[in-house]
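Trainee: Take a look at this one; I'll ask things after.
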Amino acid sequence: MREEIFRIAPDADVDALPADAPFREVLELDSLDFLNLVEALTERTGVRIDEEDYDSLRTLSGSADFLVARTADRAAAQ
């Protein structure tokens with residue numbers, strides 16, 4: 001997550017971002033930045049992220065939990 005956020009917002013101090021902080025607000029990511037992040041995460045992880053999943057991506061810890069759960073679901077289905 002941190003690496004992809006840094007790619008989208010290279011001036012952001014991602015390392016100082018608390019895991020439970022709402023990173024869109026803290027880093028002032030606009031909607032296009034967030035959509036680019038979602039696309040990058042989808043490409044990197046192979047996990048489909050739908051619009052109804054966006055609320056799970058509010059924080060670093062929430063995003064990690066979401067991606068781990070979805071990755072586990074995908075692995076179990078195969």
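Going by the structure tokens order, chains are called A, B, ..., each with residues numbered from 1, while ligands are numbered from 1 in the order shown.
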Please identify all polymer residues within 8 Å of stretch 1-8 of chain A, counting only C-alpha atoms, omitting same-chain residues fewer than 5 positions from it, and present them as a VMD selection string.
Mentor: chain A and resid 14 to 15 33 36 to 37 40 to 41 60 63 to 64
Trainee: Tell me, as a list of chain:residue names, which residues lie within 12 Å of A:Gly46, counting only C-alpha atoms; anything in the same chain fewer than 5 positions away does not count.
Mentor: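 Contacts, with the query itself left out: A:Val38, A:Glu39, A:Ala40, A:Leu41, A:Leu67, A:Val68, A:Arg70, A:Thr71, A:Ala72, A:Asp73, A:Arg74, A:Ala75.
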Trainee: Write the residues you've just listed into a file as a short mmCIF file (atom, residue, chain, number, x, y, z; two decimals), in the first residue's frame, and include all heavy atoms for each of them.
Mentor:
data_model
loop_
_atom_site.label_atom_id
_atom_site.label_comp_id
_atom_site.auth_asym_id
_atom_site.auth_seq_id
_atom_site.Cartn_x
_atom_site.Cartn_y
_atom_site.Cartn_z
N VAL A 38 -6.52 2.51 -6.66
CA VAL A 38 -7.34 1.29 -6.75
C VAL A 38 -6.91 0.46 -7.96
O VAL A 38 -6.73 -0.76 -7.87
CB VAL A 38 -8.84 1.63 -6.82
CG1 VAL A 38 -9.67 0.42 -7.20
CG2 VAL A 38 -9.32 2.20 -5.49
N GLU A 39 -6.70 1.12 -9.08
CA GLU A 39 -6.27 0.42 -10.29
C GLU A 39 -4.89 -0.22 -10.09
O GLU A 39 -4.67 -1.37 -10.47
CB GLU A 39 -6.21 1.39 -11.47
CG GLU A 39 -5.86 0.73 -12.77
CD GLU A 39 -5.88 1.71 -13.93
OE1 GLU A 39 -6.81 2.52 -14.01
OE2 GLU A 39 -4.93 1.65 -14.74
N ALA A 40 -3.98 0.50 -9.47
CA ALA A 40 -2.63 -0.03 -9.22
C ALA A 40 -2.69 -1.24 -8.28
O ALA A 40 -1.99 -2.23 -8.49
CB ALA A 40 -1.74 1.07 -8.63
N LEU A 41 -3.53 -1.15 -7.25
CA LEU A 41 -3.66 -2.28 -6.32
C LEU A 41 -4.27 -3.50 -7.01
O LEU A 41 -3.85 -4.62 -6.76
CB LEU A 41 -4.52 -1.88 -5.12
CG LEU A 41 -3.90 -0.86 -4.17
CD1 LEU A 41 -4.92 -0.41 -3.13
CD2 LEU A 41 -2.66 -1.42 -3.51
N LEU A 67 -7.28 -6.54 1.48
CA LEU A 67 -6.51 -7.24 0.45
C LEU A 67 -6.11 -8.65 0.89
O LEU A 67 -6.17 -9.58 0.10
CB LEU A 67 -5.29 -6.42 0.06
CG LEU A 67 -5.61 -5.11 -0.68
CD1 LEU A 67 -4.35 -4.26 -0.80
CD2 LEU A 67 -6.21 -5.38 -2.04
N VAL A 68 -5.74 -8.80 2.15
CA VAL A 68 -5.38 -10.14 2.65
C VAL A 68 -6.60 -11.06 2.60
O VAL A 68 -6.50 -12.20 2.15
CB VAL A 68 -4.81 -10.05 4.09
CG1 VAL A 68 -4.74 -11.42 4.74
CG2 VAL A 68 -3.43 -9.40 4.06
N ARG A 70 -9.31 -10.80 0.68
CA ARG A 70 -9.67 -11.09 -0.71
C ARG A 70 -8.68 -12.04 -1.37
O ARG A 70 -9.06 -12.89 -2.15
CB ARG A 70 -9.76 -9.80 -1.52
CG ARG A 70 -11.02 -9.02 -1.29
CD ARG A 70 -12.23 -9.74 -1.90
NE ARG A 70 -13.46 -9.11 -1.58
CZ ARG A 70 -14.05 -8.17 -2.32
NH1 ARG A 70 -13.50 -7.77 -3.43
NH2 ARG A 70 -15.17 -7.64 -1.91
N THR A 71 -7.42 -11.90 -1.05
CA THR A 71 -6.40 -12.80 -1.60
C THR A 71 -6.63 -14.22 -1.08
O THR A 71 -6.54 -15.17 -1.82
CB THR A 71 -4.99 -12.31 -1.23
OG1 THR A 71 -4.82 -10.98 -1.74
CG2 THR A 71 -3.92 -13.19 -1.83
N ALA A 72 -6.95 -14.32 0.21
CA ALA A 72 -7.23 -15.64 0.80
C ALA A 72 -8.48 -16.25 0.17
O ALA A 72 -8.51 -17.45 -0.12
CB ALA A 72 -7.41 -15.51 2.31
N ASP A 73 -9.52 -15.43 -0.07
CA ASP A 73 -10.74 -15.91 -0.71
C ASP A 73 -10.46 -16.44 -2.10
O ASP A 73 -10.96 -17.48 -2.49
CB ASP A 73 -11.79 -14.80 -0.79
CG ASP A 73 -12.37 -14.42 0.56
OD1 ASP A 73 -12.17 -15.16 1.54
OD2 ASP A 73 -13.02 -13.35 0.63
N ARG A 74 -9.63 -15.71 -2.84
CA ARG A 74 -9.26 -16.13 -4.20
C ARG A 74 -8.49 -17.43 -4.18
O ARG A 74 -8.71 -18.32 -4.98
CB ARG A 74 -8.41 -15.05 -4.88
CG ARG A 74 -9.16 -14.29 -5.91
CD ARG A 74 -8.29 -13.32 -6.66
NE ARG A 74 -7.19 -14.03 -7.32
CZ ARG A 74 -6.07 -13.47 -7.68
NH1 ARG A 74 -5.86 -12.21 -7.47
NH2 ARG A 74 -5.13 -14.16 -8.26
N ALA A 75 -7.56 -17.56 -3.25
CA ALA A 75 -6.74 -18.78 -3.16
C ALA A 75 -7.61 -19.98 -2.79
O ALA A 75 -7.40 -21.07 -3.31
CB ALA A 75 -5.63 -18.58 -2.14
#
Trainee: In Å to one decimal, how far is atom CA of A:Asp20 from atom CA of A:Ser61?
Mentor: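 Going from atom CA of A:Ser61 over to atom CA of A:Asp20 covers 5.9 Å.
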Trainee: What residues in chain A get the DSSP label alpha helix (DSSP H)? Please answer as a PyMOL selection string.
Mentor: chain A and resi 2-8+23-26+31-45+60-77
Trainee: Skip A:Ala69 itself and residues of its chain fewer than 6 positions away, then list as a PyMOL selection string all residues within 12 Å of it, counting only C-alpha atoms.
Mentor: chain A and resi 45+47-48+56+62-63+75-76
Trainee: Those same residues, written as a PDB file, in the first residue's frame with N, CA, C and O atoms?
Mentor:
ATOM      1  N   THR A  45      -2.146  -6.891  -7.169  1.00  0.00           N
ATOM      2  CA  THR A  45      -2.585  -8.019  -6.358  1.00  0.00           C
ATOM      3  C   THR A  45      -3.467  -9.011  -7.111  1.00  0.00           C
ATOM      4  O   THR A  45      -3.629 -10.144  -6.665  1.00  0.00           O
ATOM      5  N   VAL A  47      -6.566  -8.657  -7.214  1.00  0.00           N
ATOM      6  CA  VAL A  47      -7.826  -8.618  -6.465  1.00  0.00           C
ATOM      7  C   VAL A  47      -8.745  -7.581  -7.090  1.00  0.00           C
ATOM      8  O   VAL A  47      -8.337  -6.436  -7.302  1.00  0.00           O
ATOM      9  N   ARG A  48      -9.965  -8.007  -7.386  1.00  0.00           N
ATOM     10  CA  ARG A  48     -10.943  -7.066  -7.924  1.00  0.00           C
ATOM     11  C   ARG A  48     -11.432  -6.176  -6.786  1.00  0.00           C
ATOM     12  O   ARG A  48     -11.825  -6.665  -5.718  1.00  0.00           O
ATOM     13  N   SER A  56     -13.572   0.145   2.631  1.00  0.00           N
ATOM     14  CA  SER A  56     -12.577  -0.725   3.285  1.00  0.00           C
ATOM     15  C   SER A  56     -11.165  -0.229   3.059  1.00  0.00           C
ATOM     16  O   SER A  56     -10.236  -0.668   3.734  1.00  0.00           O
ATOM     17  N   GLY A  62      -6.939  -0.983   7.237  1.00  0.00           N
ATOM     18  CA  GLY A  62      -8.161  -1.487   6.615  1.00  0.00           C
ATOM     19  C   GLY A  62      -7.902  -2.013   5.225  1.00  0.00           C
ATOM     20  O   GLY A  62      -8.442  -3.057   4.822  1.00  0.00           O
ATOM     21  N   SER A  63      -7.056  -1.317   4.482  1.00  0.00           N
ATOM     22  CA  SER A  63      -6.699  -1.755   3.134  1.00  0.00           C
ATOM     23  C   SER A  63      -5.961  -3.086   3.170  1.00  0.00           C
ATOM     24  O   SER A  63      -6.245  -3.987   2.380  1.00  0.00           O
ATOM     25  N   ALA A  75      -7.555 -17.561  -3.247  1.00  0.00           N
ATOM     26  CA  ALA A  75      -6.743 -18.776  -3.157  1.00  0.00           C
ATOM     27  C   ALA A  75      -7.609 -19.978  -2.787  1.00  0.00           C
ATOM     28  O   ALA A  75      -7.404 -21.073  -3.309  1.00  0.00           O
ATOM     29  N   ALA A  76      -8.561 -19.780  -1.899  1.00  0.00           N
ATOM     30  CA  ALA A  76      -9.447 -20.858  -1.473  1.00  0.00           C
ATOM     31  C   ALA A  76     -10.365 -21.302  -2.600  1.00  0.00           C
ATOM     32  O   ALA A  76     -10.713 -22.497  -2.701  1.00  0.00           O
TER      33      ALA A  76
END
